[in-house]
Each structure stands twice: as C-alpha cells, then as structure tokens.
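Structure below is input00.cif: mmCIF, C-alpha atoms.
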data_my_file
#
loop_
_atom_site.label_atom_id
_atom_site.label_comp_id
_atom_site.auth_asym_id
_atom_site.auth_seq_id
_atom_site.Cartn_x
_atom_site.Cartn_y
_atom_site.Cartn_z
CA MET S 1 68.36 206.34 71.54
CA ARG S 2 72.09 206.42 71.02
CA ALA S 3 74.43 204.06 72.88
CA SER S 4 76.88 205.91 75.01
CA PRO S 5 80.60 205.05 74.84
CA LEU S 6 80.47 203.85 78.44
CA ASN S 7 77.73 201.31 77.63
CA LYS S 8 79.72 200.06 74.63
CA ILE S 9 82.83 199.47 76.77
CA MET S 10 80.79 197.62 79.41
CA GLU S 11 79.23 195.36 76.76
CA GLU S 12 82.70 194.48 75.36
CA GLU S 13 83.98 193.61 78.83
CA GLU S 14 80.99 191.32 79.44
CA GLN S 15 81.62 189.47 76.17
CA THR S 16 85.26 188.51 76.88
CA ILE S 17 86.02 184.96 77.97
CA ASP S 18 88.04 184.46 81.13
CA MET S 19 90.77 181.90 80.33
CA THR S 20 92.17 181.69 83.87
CA PRO S 21 90.13 178.65 85.05
CA MET S 22 90.99 176.70 81.91
CA LEU S 23 94.71 177.45 82.32
CA ASP S 24 94.53 176.36 85.96
CA VAL S 25 93.05 173.01 84.94
CA VAL S 26 95.70 172.52 82.24
CA PHE S 27 98.54 173.22 84.67
CA ILE S 28 97.05 170.91 87.31
CA MET S 29 96.78 168.13 84.72
CA LEU S 30 100.37 168.74 83.63
CA ILE S 31 101.61 168.47 87.20
CA PHE S 32 99.55 165.31 87.70
CA PHE S 33 101.05 163.61 84.64
CA ILE S 34 104.59 164.61 85.54
CA VAL S 35 104.25 163.29 89.09
CA THR S 36 102.62 160.02 88.10
CA ALA S 37 104.84 159.28 85.11
CA SER S 38 107.16 156.36 85.43
CA PHE S 39 110.72 157.29 84.64
CA VAL S 40 112.01 153.81 83.90
CA LYS S 41 114.79 153.64 81.38
CA GLU S 42 115.37 150.48 79.45
CA SER S 43 118.68 149.05 78.40
CA GLY S 44 117.65 148.40 74.81
CA ILE S 45 117.85 144.63 74.36
CA ASP S 46 116.37 141.53 75.95
CA VAL S 47 118.88 139.28 77.62
CA ASN S 48 118.56 135.72 78.82
CA ARG S 49 119.40 136.26 82.49
CA PRO S 50 120.70 133.44 84.64
CA ASP S 51 118.52 131.93 87.36
CA ALA S 52 119.26 132.69 91.01
CA PRO S 53 116.93 131.28 93.67
CA THR S 54 118.19 133.84 96.22
CA ALA S 55 117.68 136.84 93.94
CA VAL S 56 116.15 139.90 95.61
CA LYS S 57 113.98 142.38 93.75
CA LYS S 58 115.70 145.77 93.57
CA GLU S 59 113.51 148.87 93.72
CA ARG S 60 114.53 152.16 92.11
CA ALA S 61 117.01 150.76 89.63
CA ASN S 62 117.27 153.67 87.25
CA ILE S 63 120.43 152.95 85.29
CA LEU S 64 120.11 149.73 83.34
CA ILE S 65 123.02 148.30 81.38
CA ALA S 66 122.57 145.21 79.22
CA ILE S 67 125.34 142.90 78.05
CA SER S 68 124.36 140.56 75.21
CA ASP S 69 125.70 137.06 74.61
CA LYS S 70 127.96 138.57 71.94
CA GLY S 71 129.54 141.05 74.38
CA GLU S 72 127.57 144.07 73.15
CA ILE S 73 126.86 146.72 75.78
CA TRP S 74 123.54 148.59 75.62
CA ILE S 75 122.57 151.68 77.61
CA ASP S 76 119.42 153.74 76.96
CA LYS S 77 118.45 151.67 73.89
CA ARG S 78 121.73 152.28 72.10
CA ARG S 79 124.88 150.27 71.72
CA VAL S 80 127.84 151.64 73.65
CA ASP S 81 131.54 150.85 73.42
CA VAL S 82 133.10 149.60 76.65
CA ARG S 83 135.30 152.73 76.77
CA ALA S 84 132.20 154.97 76.78
CA VAL S 85 130.39 153.18 79.61
CA GLN S 86 131.86 155.39 82.35
CA ALA S 87 130.88 158.63 80.57
CA ASN S 88 127.33 157.37 79.98
CA ILE S 89 126.91 156.34 83.60
CA GLU S 90 128.27 159.70 84.78
CA ARG S 91 125.67 161.43 82.59
CA LEU S 92 122.82 159.24 83.85
CA LYS S 93 124.04 159.59 87.44
CA ALA S 94 123.99 163.39 87.05
CA GLU S 95 120.35 163.17 85.91
CA ASN S 96 119.42 160.97 88.87
CA PRO S 97 121.97 161.02 91.72
CA GLN S 98 119.94 158.52 93.79
CA GLY S 99 119.76 155.97 90.98
CA SER S 100 121.48 152.63 91.23
CA VAL S 101 123.07 150.62 88.43
CA VAL S 102 121.73 147.22 87.43
CA VAL S 103 123.70 145.16 84.92
CA GLN S 104 121.56 142.74 82.93
CA ALA S 105 124.12 140.29 81.64
CA ASP S 106 123.15 137.39 79.39
CA LYS S 107 123.92 133.86 80.61
CA LYS S 108 126.53 133.53 77.87
CA ALA S 109 128.03 137.00 78.30
CA ASP S 110 131.76 137.25 78.79
CA VAL S 111 132.75 137.72 82.44
CA GLU S 112 135.53 140.10 81.41
CA THR S 113 132.98 142.45 79.81
CA LEU S 114 130.85 142.28 82.95
CA ILE S 115 133.84 143.19 85.13
CA LYS S 116 134.77 146.10 82.84
CA VAL S 117 131.19 147.45 83.05
CA MET S 118 131.16 147.12 86.83
CA ASP S 119 134.54 148.85 87.13
CA ALA S 120 133.39 151.67 84.85
CA SER S 121 130.26 152.05 86.99
CA ARG S 122 132.26 152.38 90.16
CA ALA S 123 134.70 154.77 88.47
CA ALA S 124 131.69 156.90 87.48
CA GLY S 125 130.66 157.17 91.14
CA ALA S 126 127.92 154.53 91.12
CA TYR S 127 128.85 152.27 94.02
CA ASP S 128 125.45 150.55 94.21
CA VAL S 129 125.92 148.12 91.31
CA SER S 130 123.82 144.94 91.04
CA ILE S 131 123.60 142.07 88.59
CA ALA S 132 120.12 141.10 87.38
CA ALA S 133 118.97 137.50 87.62
CA ASN S 134 115.73 135.56 87.37
CA ASP S 135 114.29 134.49 90.68
#
With the file now loaded, output its structure as structure tokens.
Amino acid sequence: MRASPLNKIMEEEEQTIDMTPMLDVVFIMLIFFIVTASFVKESGIDVNRPDAPTAVKKERANILIAISDKGEIWIDKRRVDVRAVQANIERLKAENPQGSVVVQADKKADVETLIKVMDASRAAGAYDVSIAAND
C-alpha cells in the first residue's frame, strides 16, 4: 500500500516540536532575574569612614562617590577628575532619576575636595546628597 501525500504531511506535522512553552519559560525566567537583580553601584575603592553615633542608614542610595585619603575621586569603579564629577552625576542621574548621592569620604580626605564634590552634585541636579559614616 502506497502512502498518500496527505498522510505524509500529517506525519511531518506530528513530528515537529512546539517551542512555544520553552520560550515562555525562558522569558519568565528572564523577567524574574531582571526584577530581582540588585542594581547597586559601587564607588570603586574602600574608604575608612569616620564614626558617627547618630548616623542613619540611607536606603536607595544609587550614586556612590568615594573620596580617598589622597583626594582621589572614584565613581563607578573608576577614578574621576574633580571637573568631571558633575557630568558623571548627570549621567547617573539620567539613568536613575530617583537615586540619591552618597559621598563616602575617607577620614583623612580633604574637606575642600568633599565640598567640590557636593557642589558638583547639586549643580548636576542631585539635591539629596549625604555623607557616609560608620554608625
């Protein structure tokens, strides 16, 4: 008995694999990982912060700026010149408009550098600027 063309087409359709459920699972997992990912950016260096018994923990601090004891400014794990701080904060503020700025200044950091960073932050439109301390 000869197979008819209609039977051959039906057999081919039955042998195909439906990829839709697998793609649904992959997209659901992707959404899950995006939603649960922590988008914390680090300044790039460890600083020896001063102690402050009245320090309050700040939630949602997304823009971290570190000032080393040598006066080096670090944003996003790279060293930045004081003249480029405003532009970097404007860029980070555009990525996250609700983010606040936290300056992690070393105990021995120059106060003048700290003031310049804070002024650049405010000039960039970030008015919620805090200084990190150990509690």
| message | For the PyMOL selection byres ((chain S and resi 105) around 6), applied here, can you spell out every residue it catches as a list in words? | response | Ala66, Ile67, Val103, Gln104 and Asp106 of chain S
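Interatomic distance, CA of Asp24 (chain S) against CA of Thr36 (chain S): 18.4 Å.
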| said: If we count all atoms listed in the file and set the cut-off at 12 Å, which residues sit around region 123-128 of chain S, ignoring sequence neighbours fewer than 5 positions away in its own chain? Please answer as a PyMOL selection string. | reply: chain S and resi 58+60-63+83-94+96-103+116-118
Just write the chosen residues, C-alpha atoms, as a CSV table (one decimal), in the frame of the given file.
chain,number,residue,atom,x,y,z
S,58,LYS,CA,115.7,145.8,93.6
S,60,ARG,CA,114.5,152.2,92.1
S,61,ALA,CA,117.0,150.8,89.6
S,62,ASN,CA,117.3,153.7,87.2
S,63,ILE,CA,120.4,153.0,85.3
S,83,ARG,CA,135.3,152.7,76.8
S,84,ALA,CA,132.2,155.0,76.8
S,85,VAL,CA,130.4,153.2,79.6
S,86,GLN,CA,131.9,155.4,82.4
S,87,ALA,CA,130.9,158.6,80.6
S,88,ASN,CA,127.3,157.4,80.0
S,89,ILE,CA,126.9,156.3,83.6
S,90,GLU,CA,128.3,159.7,84.8
S,91,ARG,CA,125.7,161.4,82.6
S,92,LEU,CA,122.8,159.2,83.8
S,93,LYS,CA,124.0,159.6,87.4
S,94,ALA,CA,124.0,163.4,87.0
S,96,ASN,CA,119.4,161.0,88.9
S,97,PRO,CA,122.0,161.0,91.7
S,98,GLN,CA,119.9,158.5,93.8
S,99,GLY,CA,119.8,156.0,91.0
S,100,SER,CA,121.5,152.6,91.2
S,101,VAL,CA,123.1,150.6,88.4
S,102,VAL,CA,121.7,147.2,87.4
S,103,VAL,CA,123.7,145.2,84.9
S,116,LYS,CA,134.8,146.1,82.8
S,117,VAL,CA,131.2,147.4,83.0
S,118,MET,CA,131.2,147.1,86.8
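Between CA of Glu95 (chain S) and CA of Leu114 (chain S) the separation is 23.6 Å.
Interatomic distance, CA of Ile73 (chain S) to CA of Ala109 (chain S): 10.1 Å.
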